[in-house]
Amino acid sequence: MNLTRSIATLALTAMTIMSGAGSLGATAEEFPKTIRIATYNTSLYGKKAGEVRDRLATGTFRQAEKIASIIQTVRPDILLLNEIDHDAGGETVTLLAEKYLAVGQGNLQPIDYPFIYSAPSNTGIPTGMDLDSDGSTGGPADAFGFGIYPGQYSMAVLSRFPIDTDDIRTFQKLLWKSMPGALRPTDPKSNESYYDEATWNSLRLSSKNHIDVSVRVGDHVIHVLASHPTPPVFDGPEDRNGCRNHDEIRFWNEYTQNPTAAFLIDDQSRPGGLATDALFFIAGDLNSDPQDGDSRFDAIETLLRNPLLSDPKPSSRGGAEAGGGYQGEKLKGDPLLDTAEFGRSGNMRIDYVLPSIGLAVKQAEVFWPAKGNPESKWISASDHRLVWAEVELPSE
C-alpha cells in the first residue's frame with residue numbers, strides 16, 4: 001500500500017498530487033465515525049487549454065471563489081469534482097485547492113485536502129475519424145470524448161484522508177463494444193449501424209473516464225467510483241449519445257455486481273469488478289434523470305435499484321422553490337430532488353452520491369439555498385449544485 005505524500009514520486013504519474021498544505025485533520029486514533037461525501041460539477045472549463053489554470057493562478061477568480069464558498073460551507077471529507085481540467089501534474093485542481101479552498105472565503109473557514117487525484121480524460125483526444133458525420137475528422141465531436149482540447153471537462157477526487165495510489169483503477173481505454181449487450185447506435189431509417197465496423201471496434205466507452213479511487217479512512221477502505229457520462233443529446237435519430245450515456249451508467253452495475261467479469265480490464269491491465277464486500281459510493285454528473293429529459297431511463301433506474309447501494313435522495317429548499325423550471329410539458333420528477341438548472345430545458349436530477357449499503361446514510365442534501373438566503377448568490381458558479389451525503393462507517 002502506497003500512502004506516500006512525496007510530490008516528486010507522484011509527479012511521475014502525471015495524475016496524482018498529494019499536497020503538503022495542512023494536515024489530515026485526524027490522527028489514526030481520531031478518525032471519525034461519520035464522514036461527508038460529495039459530488040460537484042463545477043463548470044470549470046475554458047475555450048482553450050490552460051485558460052482555467054491561468055485564471056485560478058490569479059487567486060481572484062470569482063467563479064472559483066463561489067465554488068470554494070460552497071465547499072467550505074458543506075465541508076465534505078471526500079469530494080468529487082466534475083468539469084475541471086486535467087493537465088500533467090494536476091496543476092489546475094491543485095491551484096483550486098491551494099488558492100481557494102485552503103483560503104477562507106469571507107467569514108468561512110478554509111478547508112485543506114492533502115490528497116488529490118486528477119483523472120485523465122478522453123475529452124479532446126482526436127480519433128482521426130468522422131464520428132459526427134459532418135465531413136471532417138478534426139472537430140470536438142470527433143474526439144474519443146467531446147472536447148475542444150485534451151483534459152477538458154475532466155474530474156478530480158479531493159480527500160482529507162489518504163488515497164492509495166497503487167490501487168487506483170481507471171477504465172479510460174475500455175472499448176464500448178466490450179460491454180455485454182452494448183447499445184450500438186443504429187440508423188432507424190436504414191436499420192443499419194451508425195458506425196462502420198472499423199469505427200465501432202475502436203470507440204471507447206467512457207466519454208471522460210470511469211475511475212475507482214481507494215481512500216483509507218482509519219481501518220476502512222472506501223472506493224470512490226466516479227464518472228461523467230456524455231449528455232444524451234446533441235446527436236441525431238440514431239441516438240448515439242443516448243446509447244453511450246446508457247452504457248456508461250450501466251458500467252457501474254456491472255462493476256459493482258460482477259467481481260470476476262473478464263471484460264472489465266482496466267488501463268493497468270487488471271481484470272474484474274469490485275470485491276463483493278467493498279465499501280464504496282458512486283458519484284458524479286450522470287447526465288440522466290430517472291423521469292425527465294432525453295436519456296434512456298432504464299439505465300439510471302436500474303442503477304438506483306442496485307441492491308448493493310442506497311439512494312439517499314438528497315433534496316433542497318431551493319430546488320423545490322424553483323419548481324422544476326420551465327419545459328414545454330410538465331416535468332414528472334420531484335423538484336425537491338433536482339440538482340441542475342437548465343433554463344428552458346427544465347431542472348433535473350442528474351448529479352448523484354450513491355453509497356453502498358455498508359455506509360449507513362445519516363443525512364443527505366443538495367446545496368441549493370432558497371431565494372433570499374445570502375448563500376444563494378454562490379450557486380451561479382455552475383448550472384449544477386453540490387450534492388452530499390453524511391454516512392456512518394461500519395463499526396469494527
# chains A, B, ... in the order shown; residues from 1 in each chain; ligands from 1
$ select_by_dssp --residues "stretch 196-277 of chain A" --states "strand (DSSP E or B)" --output "PyMOL selection string"
chain A and resi 204+210-217+220-227+265+271
$ write_last_selection --atoms "N, CA and C atoms" --output "compact mmCIF listing (two decimals), in the first residue's frame"
# COMPACT_ATOMS: atom_id res chain seq x y z
N ARG A 204 -14.19 4.09 -27.54
CA ARG A 204 -14.09 3.86 -26.10
C ARG A 204 -15.44 4.09 -25.45
N HIS A 210 -13.94 6.26 -16.34
CA HIS A 210 -14.56 5.63 -15.18
C HIS A 210 -13.42 5.29 -14.24
N ILE A 211 -13.51 5.79 -13.00
CA ILE A 211 -12.38 5.62 -12.09
C ILE A 211 -12.84 5.00 -10.76
N ASP A 212 -11.93 4.25 -10.17
CA ASP A 212 -12.12 3.65 -8.84
C ASP A 212 -10.93 4.11 -8.00
N VAL A 213 -11.18 5.03 -7.09
CA VAL A 213 -10.12 5.62 -6.26
C VAL A 213 -10.33 5.16 -4.82
N SER A 214 -9.35 4.44 -4.28
CA SER A 214 -9.43 3.92 -2.92
C SER A 214 -8.94 4.95 -1.92
N VAL A 215 -9.79 5.24 -0.94
CA VAL A 215 -9.46 6.18 0.13
C VAL A 215 -9.47 5.43 1.45
N ARG A 216 -8.41 5.57 2.23
CA ARG A 216 -8.33 4.88 3.52
C ARG A 216 -8.75 5.83 4.64
N VAL A 217 -9.81 5.43 5.33
CA VAL A 217 -10.29 6.17 6.50
C VAL A 217 -10.14 5.26 7.71
N HIS A 220 -10.73 1.44 7.41
CA HIS A 220 -11.65 1.19 6.30
C HIS A 220 -11.07 1.70 4.99
N VAL A 221 -11.37 1.01 3.90
CA VAL A 221 -11.07 1.48 2.55
C VAL A 221 -12.39 1.75 1.86
N ILE A 222 -12.55 2.97 1.38
CA ILE A 222 -13.76 3.37 0.68
C ILE A 222 -13.40 3.64 -0.78
N HIS A 223 -14.11 3.00 -1.68
CA HIS A 223 -13.86 3.16 -3.10
C HIS A 223 -14.75 4.27 -3.67
N VAL A 224 -14.12 5.28 -4.23
CA VAL A 224 -14.85 6.35 -4.92
C VAL A 224 -15.00 5.93 -6.37
N LEU A 225 -16.21 5.61 -6.77
CA LEU A 225 -16.49 5.16 -8.14
C LEU A 225 -17.11 6.34 -8.89
N ALA A 226 -16.34 6.93 -9.78
CA ALA A 226 -16.75 8.21 -10.36
C ALA A 226 -16.72 8.18 -11.88
N SER A 227 -17.66 8.92 -12.46
CA SER A 227 -17.71 9.06 -13.92
C SER A 227 -18.53 10.30 -14.26
N ILE A 265 -11.42 -5.00 -17.93
CA ILE A 265 -9.97 -4.89 -17.86
C ILE A 265 -9.60 -3.41 -17.81
N PRO A 271 -7.98 -7.35 -14.43
CA PRO A 271 -9.36 -7.73 -14.77
C PRO A 271 -10.28 -7.73 -13.57
$ residues_around --residues "A:Leu304" --least-positions-apart "6" --cutoff "9 Å" --atoms "only C-alpha atoms" --output "PyMOL selection string"
chain A and resi 290+310-311+354
$ write_last_selection --atoms "N, CA and C atoms" --output "compact mmCIF listing (two decimals), in the first residue's frame"
# COMPACT_ATOMS: atom_id res chain seq x y z
N PRO A 290 -34.13 10.05 -13.81
CA PRO A 290 -34.95 8.85 -13.98
C PRO A 290 -36.35 9.11 -14.49
N SER A 310 -27.53 2.33 -1.77
CA SER A 310 -28.76 3.01 -1.35
C SER A 310 -28.85 4.36 -2.05
N ASP A 311 -30.07 4.80 -2.26
CA ASP A 311 -30.31 6.12 -2.84
C ASP A 311 -30.84 7.03 -1.74
N LEU A 354 -24.29 7.93 -4.33
CA LEU A 354 -25.00 6.69 -4.02
C LEU A 354 -24.10 5.78 -3.20
$ atom_distance --atom1 "atom CA of A:His384" --atom2 "atom CA of A:Val157"
17.3 Å
$ residues_around --residues "A:Phe297" --least-positions-apart "4" --cutoff "12 Å" --atoms "only C-alpha atoms" --output "PyMOL selection string"
chain A and resi 232+242-243+245-247+249-250+286-293+301-304+350
$ closest_atom_pairs --of "stretch 123-210 of chain A" --to "stretch 75-88 of chain A" --cutoff "8 Å" --atoms "only C-alpha atoms" --output "CSV"
residue,atom,partner,partner_atom,distance
A:Pro150,CA,A:His86,CA,7.9
A:Gly151,CA,A:His86,CA,4.5
A:Gln152,CA,A:Asp85,CA,4.9
A:Tyr153,CA,A:Glu83,CA,3.8
A:Ser154,CA,A:Glu83,CA,5.1
A:Met155,CA,A:Asn82,CA,4.4
A:Ala156,CA,A:Leu81,CA,5.2
A:Val157,CA,A:Leu80,CA,4.6
A:Leu158,CA,A:Leu79,CA,5.1
A:Ser159,CA,A:Ile78,CA,4.5
A:Arg160,CA,A:Asp77,CA,5.5
A:Phe161,CA,A:Asp77,CA,7.6
$ residues_around --residues "A:Tyr194" --least-positions-apart "3" --cutoff "10 Å" --atoms "only C-alpha atoms" --output "PyMOL selection string"
chain A and resi 131-133+184-188+190-191+197+199-200+237-240
$ write_last_selection --atoms "C-alpha atoms" --output "JSON list (two decimals), in the first residue's frame"
[["chain", "number", "residue", "atom", "x", "y", "z"],
["A", 131, "LEU", "CA", -17.77, 10.40, -35.58],
["A", 132, "ASP", "CA", -20.48, 13.01, -36.12],
["A", 133, "SER", "CA", -20.71, 12.58, -39.92],
["A", 184, "ARG", "CA", -24.62, 0.04, -30.81],
["A", 185, "PRO", "CA", -26.29, 3.11, -32.38],
["A", 186, "THR", "CA", -28.49, 2.28, -35.36],
["A", 187, "ASP", "CA", -29.93, 4.46, -38.12],
["A", 188, "PRO", "CA", -33.70, 3.96, -37.70],
["A", 190, "SER", "CA", -31.91, 2.04, -42.81],
["A", 191, "ASN", "CA", -31.76, -0.15, -39.68],
["A", 197, "GLU", "CA", -17.02, -1.85, -38.20],
["A", 199, "THR", "CA", -15.06, 2.78, -36.10],
["A", 200, "TRP", "CA", -17.14, 0.64, -33.74],
["A", 237, "PRO", "CA", -32.15, 9.88, -34.73],
["A", 238, "GLU", "CA", -29.50, 7.22, -34.22],
["A", 239, "ASP", "CA", -29.24, 8.46, -30.59],
["A", 240, "ARG", "CA", -25.52, 7.74, -30.43]]
